[in-house]
There are 6 protein chains.
Amino acid sequence: MLPRMVHQLIQLALDEDVGRGDCTTAAVIPAGTQARAVVRLKQPGRVAGLPVVEAVFHTLDPTVTFHPLVPEGADVDEPAAVATVEGPAASILASERTALNFLARLSGIATFTRRAVQELAGTRARLLDTRKTTPGWRFLEKYAVRVGGGMNHRFGLDDMVLIKDNHVALAGGVAQAVARARAAVGLSQKIEVEVETLEQLEAALTAGPDLILLDNMDTETMREAVARTARRVPLEASGNMSLGRLREVALTGVDYISMGALTHTAVSLDVSLDVDLEPGPATAAAGDAG
Amino acid sequence: MLPRMVHQLIQLALDEDVGRGDCTTAAVIPAGTQARAVVRLKQPGRVAGLPVVEAVFHTLDPTVTFHPLVPEGADVDEPAAVATVEGPAASILASERTALNFLARLSGIATFTRRAVQELAGTRARLLDTRKTTPGWRFLEKYAVRVGGGMNHRFGLDDMVLIKDNHVALAGGVAQAVARARAAVGLSQKIEVEVETLEQLEAALTAGPDLILLDNMDTETMREAVARTARRVPLEASGNMSLGRLREVALTGVDYISMGALTHTAVSLDVSLDVDLEPGPATAAAGDAG
Amino acid sequence: MLPRMVHQLIQLALDEDVGRGDCTTAAVIPAGTQARAVVRLKQPGRVAGLPVVEAVFHTLDPTVTFHPLVPEGADVDEPAAVATVEGPAASILASERTALNFLARLSGIATFTRRAVQELAGTRARLLDTRKTTPGWRFLEKYAVRVGGGMNHRFGLDDMVLIKDNHVALAGGVAQAVARARAAVGLSQKIEVEVETLEQLEAALTAGPDLILLDNMDTETMREAVARTARRVPLEASGNMSLGRLREVALTGVDYISMGALTHTAVSLDVSLDVDLEPGPATAAAGDAG
Amino acid sequence: MLPRMVHQLIQLALDEDVGRGDCTTAAVIPAGTQARAVVRLKQPGRVAGLPVVEAVFHTLDPTVTFHPLVPEGADVDEPAAVATVEGPAASILASERTALNFLARLSGIATFTRRAVQELAGTRARLLDTRKTTPGWRFLEKYAVRVGGGMNHRFGLDDMVLIKDNHVALAGGVAQAVARARAAVGLSQKIEVEVETLEQLEAALTAGPDLILLDNMDTETMREAVARTARRVPLEASGNMSLGRLREVALTGVDYISMGALTHTAVSLDVSLDVDLEPGPATAAAGDAG
Amino acid sequence: MLPRMVHQLIQLALDEDVGRGDCTTAAVIPAGTQARAVVRLKQPGRVAGLPVVEAVFHTLDPTVTFHPLVPEGADVDEPAAVATVEGPAASILASERTALNFLARLSGIATFTRRAVQELAGTRARLLDTRKTTPGWRFLEKYAVRVGGGMNHRFGLDDMVLIKDNHVALAGGVAQAVARARAAVGLSQKIEVEVETLEQLEAALTAGPDLILLDNMDTETMREAVARTARRVPLEASGNMSLGRLREVALTGVDYISMGALTHTAVSLDVSLDVDLEPGPATAAAGDAG
Amino acid sequence: MLPRMVHQLIQLALDEDVGRGDCTTAAVIPAGTQARAVVRLKQPGRVAGLPVVEAVFHTLDPTVTFHPLVPEGADVDEPAAVATVEGPAASILASERTALNFLARLSGIATFTRRAVQELAGTRARLLDTRKTTPGWRFLEKYAVRVGGGMNHRFGLDDMVLIKDNHVALAGGVAQAVARARAAVGLSQKIEVEVETLEQLEAALTAGPDLILLDNMDTETMREAVARTARRVPLEASGNMSLGRLREVALTGVDYISMGALTHTAVSLDVSLDVDLEPGPATAAAGDAG
């Protein structure tokens with residue numbers, strides 16, 4: 001059950017690609033031609049996005065049937081068929097590029113996240129995403145992070161308080177900012193405070209938020225922050241995280257590490273859709289062009 | 001004048017990030033606080049997306065004013081302020097992340113395209129994008145390619161005929177496929193045919209399309225294809241193009257090279273928005289988290 | 001800054017009332033007639049909804065100006081003018097009924113909530129709303145509860161986990177249900193468990209949720225629940241709360257009391273809009289009919 | 001066949017409650033769990049809204065099946081099961097609160113209307129609703145009035161002319177106002193004029209509208225108005241009608257009585273949905289909280 | 001104040017014509033070029049649609065200013081300038097064709113209606129439109145009929161009962177059909193019955209509808225119908241009305257004549273928009289092509 | 001597979017006609033009545049729009065079944081049944097007028113286009129439509145032109161460059177305008193230039209566009225233009241084309257003739273829907289009124 005915002009993005013995507021109609025297929029493929037097609041990952045990785053691919057085909061044409069060949073979240077170690085689709089050739093060809101573009105990006109994020117999570121094996125730290133997502137893709141990219149084994153930070157500005165330095169400055173201090181937040185928010189909303197120094201950390205610990213974010217600290221300072229906090233409040237490390245640095249940060253003992261690169265730097269996987277059209281044995285290799 | 005599909009994407013993006021409202025700012029920032037903020041590129045590159053950034057701020061709050069400090073498409077060689085915004089602090093803070101996410105991605109594509117275009121300097125070849133764009137972002141990513149100096153291939157399935165191998169197989173040959181297309185399409189639509197071998201090229205040259213796409217050919221075969229075509233029809237080279245191979249391909253004499261990586265592999269630039277809130281001198285550094 | 005869902009409701013409301021146009025005004029009022037009108041509460045209460053009233057007028061006609069005469073959330077102890085509007089008579093008359101219907105309902109909820117909050121004076125308990133809101137009105141009714149001095153429970157199904165008995169049964173026990181929730185949810189989501197007996201309470205205390213809901217307990221059992229919990233986890237009392245019972249429940253020592261009646265039983269306040277049309281001294285009394 | 005505006009309200013209602021998804025069910029209920037649930041009225045009343053409840057379930061998930069157990073408009077004199085639903089547990093649980101909130105309100109209005117209609121038994125008067133409906137709910141609330149045995153006044157500003165005192169003042173008198181309306185409206189639109197005194201009634205009778213509204217008259221004056229009108233034009237009584245006063249007004253001989261309280265003061269009925277989940281015998285009692 | 005359905009049609013129309021943008025103007029006209037243009041009727045007729053033309057320009061670009069040179073509904077006896085627009089050249093050129101297409105059609109309908117109305121001069125009959133309008137244009141075409149001096153029949157299926165022969169057959173007779181309608185409809189809805197013979201007319205007169213429609217009767221029978229009705233109920237003549245037959249029908253004494261041709265056969269007027277671009281004296285003649 | 005813009009127009013059309021519901025059928029036809037209906041052309045012509053008719057019925061009620069009796073584009077030389085529909089009587093009656101209004105207009109355009117195409121028999125010229133279409137109907141009217149045997153000119157402002165005189169003036173000449181366009185447009189977009197004189201033609205031939213439009217030339221000048229062009233570039237004739245002049249223009253040797261009248265002057269065909277309702281043999285004749 002995809003939320004409405006995903007269906008809206010799918011519609012937007014089909015609108016932009018199909019527009020007034022697929023003029024090539026309309027001109028060249030005989031009306032009524034049926035087709036069967038195989039969706040493939042062409043490089044190793046973790047599959048994410050099969051329900052979205054299905055929704056793309058069904059949005060354009062509810063009569064197309066979709067059969068996943070591997071479970072969502074499967075790790076495929078060689079190029080592998082991951083799903084088949086059957087139905088009117090015109091519908092499959094018109095949906096192909098949109099469906100593949102979704103699958104490529106989401107699998108790329110899940111695959112990258114999985115690698116990052118592996119870096120944290122054996123540590124206390126859990127890997128979080130951020131709000132540095134592709135506009136319009138918030139739900140899907142956070143979903144792919146979960147498929148990759150990561151954990152979601154807040155979804156948006158409305159589901160958790162995150163007090164940053166300018167909020168603190170305006171409120172007159174960490175204590176006041178947290179107090180104001182505590183008075184204003186609803187029952188369901190947690191309060192997190194961002195700190196850049198150990199002094200700010202002490203103030204935050206006194207104020208009593210639900211979480212504390214250590215922003216752009218060096219590893220040594222983080223270690224000291226963990227010691228001073230002594231598990232009273234969960235700690236999140238953030239700021240310019242790379243695969244190479246993750247383990248070092250995790251070993252400081254923080255509870256969470258957030259990493260914007262999960263969604264803004266992950267590279268799309270290479271995917272393809274090969275079509276068998278009924279009248280002949282032709283197989284389409286999805287080219288780069290057009 | 002951005003087209004409606006861009007305004008729809010911006011709305012979708014604000015909906016997902018702002019949702020029921022920015023609970024942190026509502027709780028902590030006093031009502032009526034005004035702010036001034038500077039948008040910065042934190043690494044060298046070509047700026048793309050300033051009109052989108054402006055539209056993001058105006059969609060959330062029409063009273064926010066936006067002032068670009070450099071022209072769209074400017075190359076900034078050092079970290080640089082590219083725009084300022086002024087208005088209600090709550091509006092600026094609620095739009096910040098969405099605006100930055102647009103700017104980071106579009107500038108990343110423009111910067112990468114510029115580098116690719118430089119590879120073609122002095123050759124006949126022009127650089128084209130493909131339909132391997134982020135779903136929902138077709139217009140914007142193709143726009144960023146133009147800002148980077150590239151040329152747009154067809155926008156979608158509806159504005160040009162591109163006959164691929166399965167179309168050819170079903171139609172009974174290149175000649176028949178082109179003939180069908182010629183009979184069916186409107187006055188404005190060009191016809192391009194994809195070929196993988198020199199034999200197919202000969203058939204295509206006879207059929208008389210407006211363009212021919214050389215799909216996944218090695219460099220030597222491309223050179224031969226250019227020779228046989230003898231400028232009768234423009235040729236496009238496509239398939240797994242990388243920065244490193246572009247110049248070699250261009251030197252075969254093809255007219256166009258299309259490259260999916262322009263939009264699916266370009267990396268976002270690092271951007272930030274620093275806020276000055278009226279009552280105090282606090283400056284927000286956009287952290288990674290949440 | 002009202003969220004999009006409120007603007008959508010306002011549009012829906014104007015669509016249904018104005019439809020193809022106000023045929024009476026079109027027929028009878030001379031084009032170009034300007035008007036000034038006063039919005040009044042005709043009985044004592046707490047004013048809620050002035051920003052919505054303003055948005056209704058501006059949605060129909062951006063040239064209408066709106067001036068609140070009292071702050072949002074003001075308590076007016078006698079019938080009182082709360083705002084004025086000026087602009088084209090046709091626009092004001094076409095928006096009148098919709099604007100008043102919003103104001104009447106929201107002020108009714110705020111007024112009723114204020115009374116309920118007064119019942120809790122001097123106790124530890126804070127008053128919460130529920131999800132028993134008028135479909136389409138979730139944001140506005142929860143807003144009115146805040147204006148009335150209440151606190152919001154979760155907004156919807158997506159911003160907090162609330163484990164009820166059937167969840168527990170399917171999961172195989174309170175411990176397992178809480179554990180599953182802990183593993184699945186994101187950083188921002190709290191976990192609450194509903195219990196109906198003291199045995200379930202003990203299991204819940206062991207499982208370690210963020211909140212525990214005491215569902216339909218009698219007062220004596222609640223008191224015992226408070227004692228056993230000993231402030232380790234905040235407790236919410238829920239189930240058939242009425243104004244008359246609130247204080248008794250609060251005195252058990254629970255942290256929160258949720259009350260569906262705040263939104264589903266509150267009665268609209270009586271409001272009116274009196275128009276002065278330019279050419280004459282006529283004053284419209286908003287009748288009941290049509 | 002519900003009109004589009006109802007489907008829009010249902011979508012808005014599901015959007016606000018389900019949002020990014022039901023995180024509790026996603027976390028705790030095993031994927032694929034099927035459920036059967038019973039919808040119940042927990043107090044006596046007239047059932048209204050079953051088609052809306054069905055549409056809510058189908059909007060979220062078209063595979064859920066809905067079986068009414070009583071006809072729409074049935075009077076249930078004891079707590080009674082009114083419908084069953086079957087399908088994926090996740091879909092039923094995600095729709096539950098929205099479906100119940102619709103049913104509770106509409107049945108409340110139908111039940112209240114039925115009582116009011118009973119007051120008029122044996123008199124000439126028919127009971128009308130007004131435009132004092134919950135914004136966004138105009139169609140549904142007027143539908144519930146019909147289910148309760150009432151009659152609908154005009155739907156909105158566009159389907160009948162209703163000339164009020166300020167229209168009269170601006171037009172220069174009742175005769176001129178009616179004449180202007182007669183000249184301007186289309187074939188389908190009736191013209192009603194509001195009068196507050198017997199003098200205005202005389203003027204209205206001369207002007208020849210299709211209906212006359214007696215606004216806020218005392219019972220004695222109404223009786224005189226009925227006598228003077230002598231059935232030449234149907235008369236509607238309006239203004240602060242309560243259940244207690246209805247019969248007295250009806251006995252004056254007016255043709256219609258309109259009553260805003262039908263929609264703005266009716267109290268929701270208490271309703272519930274009890275779920276049987278496949279793996280176990282658990283039954284959910286719909287609590288008040290969250 | 002145009003209703004929402006008109007704004008939706010305007011948006012649809014701009015979407016289809018402008019799409020991804022006006023590529024000619026983007027390529028050829030220097031950014032920032034301002035223009036002034038004159039809208040002209042190139043043949044005599046009655047001007048209808050100026051507010052729609054204004055809305056088209058404002059929808060695309062709110063900074064364009066629009067100045068009507070004649071009042072809506074003016075009769076221009078020679079080719080004449082009817083409005084000017086000023087603003088960014090790109091906006092005016094992108095809106096031109098859509099704006100003209102609206103004006104041409106609406107003025108064509110108003111002009112044709114005016115001629116039809118002239119045929120009825122001195123008779124009792126008023127001219128009505130029908131529901132044979134261009135899908136999507138119901139409001140605008142009925143508006144143009146009013147501008148031309150005609151009167152609107154019902155807007156759609158929801159604002160008046162019109163009982164046709166199949167309704168009568170199913171209901172078991174005219175009397176039963178009218179009785180059912182009377183019991184079911186709201187206060188605002190009139191009831192009209194269609195009859196094809198004098199026998200049916202007698203039944204209808206007994207049943208007591210608000211209006212009777214004489215469907216496809218010859219002139220002689222109509223005259224007899226008028227005589228038998230004796231003004232007890234207004235009569236509408238309908239069926240294959242042409243300009244040539246209108247007067248003959250009107251002279252039978254019917255009250256209304258409805259004519260589908262007003263909206264489905266009226267021919268667009270010839271209109272043009274001539275642009276003065278700032279840098280030069282060029283004047284665009286709106287050609288037929290593209 | 002109709003594009004989204006057509007579904008949007010269908011929805012708009014049903015919204016305007018059905019609105020709050022078909023009050024006649026609701027009142028008079030017993031719930032559950034099934035019906036079978038035949039759609040007929042009542043005059044000779046070419047059938048266009050059957051897929052749209054089907055979509056109208058399915059949009060209102062997916063359970064209605066539609067069976068075409070002739071292929072889309074068939075020429076029927078006598079009044080003929082073209083399709084049947086079966087399903088709930090209420091759904092068929094509520095969709096009837098909208099469905100017929102689409103069919104009548106589209107068949108009218110196809111029929112008129114067919115006649116125009118016949119005028120060109122044996123000549124080189126192909127018949128083109130223009131952008132003088134009914135706003136909102138661009139896709140459908142261009143589709144009907146194809147059904148009638150015509151060819152589509154560009155769809156909108158975004159899919160081809162068409163340089164008109166004011167563009168030329170601003171750009172400083174035909175050569176500069178074409179050069180600018182060539183530099184700016186994407187791979188898929190052709191460039192056409194409009195000329196009014198032979199001198200402009202010479203300039204255009206030098207500039208090298210993909211097409212040249214001869215605007216409002218007399219026949220003799222066109223002939224000379226064809227001679228001078230000598231097939232180097234395809235020529236389109238445009239401006240005030242009528243059926244009577246088409247052949248004369250075609251014989252000049254131009255490649256294309258564009259004709260706005262195809263879409264703005266074509267007259268709707270007369271169509272009807274005759275319903276058989278289950279309980280009785282009544283047959284509805286679609287009257288003109290209401």
# chains A, B, ... in the order shown; residues from 1 in each chain; ligands from 1
$ interface_residues --of "chain A" --to "chain D" --cutoff "9 Å" --atoms "only C-alpha atoms" --output "list in words"
Met1, Leu2, Pro3, Arg4, Met5 and Phe139 of chain A
$ residues_around --residues "B:Glu86" --least-positions-apart "2" --cutoff "8 Å" --atoms "only C-alpha atoms" --output "PDB file with N, CA and C atoms, in the first residue's frame"
ATOM      1  N   GLN B  34      11.640  38.149  11.457  1.00  0.00           N
ATOM      2  CA  GLN B  34      12.076  38.279  10.072  1.00  0.00           C
ATOM      3  C   GLN B  34      13.483  37.732   9.934  1.00  0.00           C
ATOM      4  N   ALA B  35      13.842  37.309   8.723  1.00  0.00           N
ATOM      5  CA  ALA B  35      15.183  36.771   8.526  1.00  0.00           C
ATOM      6  C   ALA B  35      15.718  37.150   7.153  1.00  0.00           C
ATOM      7  N   ARG B  36      17.029  37.088   7.065  1.00  0.00           N
ATOM      8  CA  ARG B  36      17.740  37.273   5.801  1.00  0.00           C
ATOM      9  C   ARG B  36      18.690  36.101   5.712  1.00  0.00           C
ATOM     10  N   ALA B  37      18.777  35.497   4.552  1.00  0.00           N
ATOM     11  CA  ALA B  37      19.612  34.313   4.428  1.00  0.00           C
ATOM     12  C   ALA B  37      20.409  34.354   3.137  1.00  0.00           C
ATOM     13  N   VAL B  64       8.153  36.268   0.520  1.00  0.00           N
ATOM     14  CA  VAL B  64       9.608  36.148   0.592  1.00  0.00           C
ATOM     15  C   VAL B  64      10.212  36.732  -0.689  1.00  0.00           C
ATOM     16  N   THR B  65      11.268  37.535  -0.540  1.00  0.00           N
ATOM     17  CA  THR B  65      11.917  38.089  -1.731  1.00  0.00           C
ATOM     18  C   THR B  65      13.229  37.363  -1.979  1.00  0.00           C
ATOM     19  N   PHE B  66      13.559  37.224  -3.262  1.00  0.00           N
ATOM     20  CA  PHE B  66      14.701  36.422  -3.678  1.00  0.00           C
ATOM     21  C   PHE B  66      15.589  37.265  -4.584  1.00  0.00           C
ATOM     22  N   THR B  84      20.411  35.689  -2.189  1.00  0.00           N
ATOM     23  CA  THR B  84      19.913  36.001  -0.853  1.00  0.00           C
ATOM     24  C   THR B  84      18.389  35.905  -0.862  1.00  0.00           C
ATOM     25  N   PRO B  88       9.772  36.343   6.275  1.00  0.00           N
ATOM     26  CA  PRO B  88       9.476  35.732   7.573  1.00  0.00           C
ATOM     27  C   PRO B  88      10.401  34.541   7.836  1.00  0.00           C
ATOM     28  N   ILE B  92      11.261  30.986   5.567  1.00  0.00           N
ATOM     29  CA  ILE B  92      12.583  30.652   5.032  1.00  0.00           C
ATOM     30  C   ILE B  92      13.060  29.327   5.606  1.00  0.00           C
TER      31      ILE B  92
END
$ residues_around --residues "C:Lys190" --least-positions-apart "6" --cutoff "9 Å" --atoms "only C-alpha atoms" --output "ChimeraX atom specification"
/A:188-190 /C:159-162,182,209-211
$ atom_distance --atom1 "atom CA of B:Arg245" --atom2 "atom CA of B:Asp218"
10.8 Å
$ residues_around --residues "B:Gly45" --least-positions-apart "3" --cutoff "6 Å" --atoms "only C-alpha atoms" --output "PyMOL selection string"
chain B and resi 75-76+111
$ write_last_selection --atoms "N, CA, C and O atoms" --output "mmCIF file, in the first residue's frame"
data_model
loop_
_atom_site.group_PDB
_atom_site.id
_atom_site.type_symbol
_atom_site.label_atom_id
_atom_site.label_comp_id
_atom_site.auth_asym_id
_atom_site.auth_seq_id
_atom_site.Cartn_x
_atom_site.Cartn_y
_atom_site.Cartn_z
ATOM 1 N N ASP B 75 29.759 30.041 -13.656
ATOM 2 C CA ASP B 75 30.744 29.116 -13.098
ATOM 3 C C ASP B 75 31.388 29.781 -11.897
ATOM 4 O O ASP B 75 31.973 30.862 -12.031
ATOM 5 N N VAL B 76 31.240 29.183 -10.734
ATOM 6 C CA VAL B 76 31.881 29.758 -9.551
ATOM 7 C C VAL B 76 33.047 28.848 -9.191
ATOM 8 O O VAL B 76 32.903 27.646 -9.039
ATOM 9 N N THR B 111 27.155 21.008 -13.739
ATOM 10 C CA THR B 111 28.611 20.967 -13.588
ATOM 11 C C THR B 111 29.204 19.746 -14.298
ATOM 12 O O THR B 111 30.214 19.839 -15.016
#
$ select_by_dssp --residues "stretch 25-94 of chain C" --states "strand (DSSP E)" --output "MDAnalysis selection string"
chainID C and resid 34:41 45:46 65:68 75:76 80:88
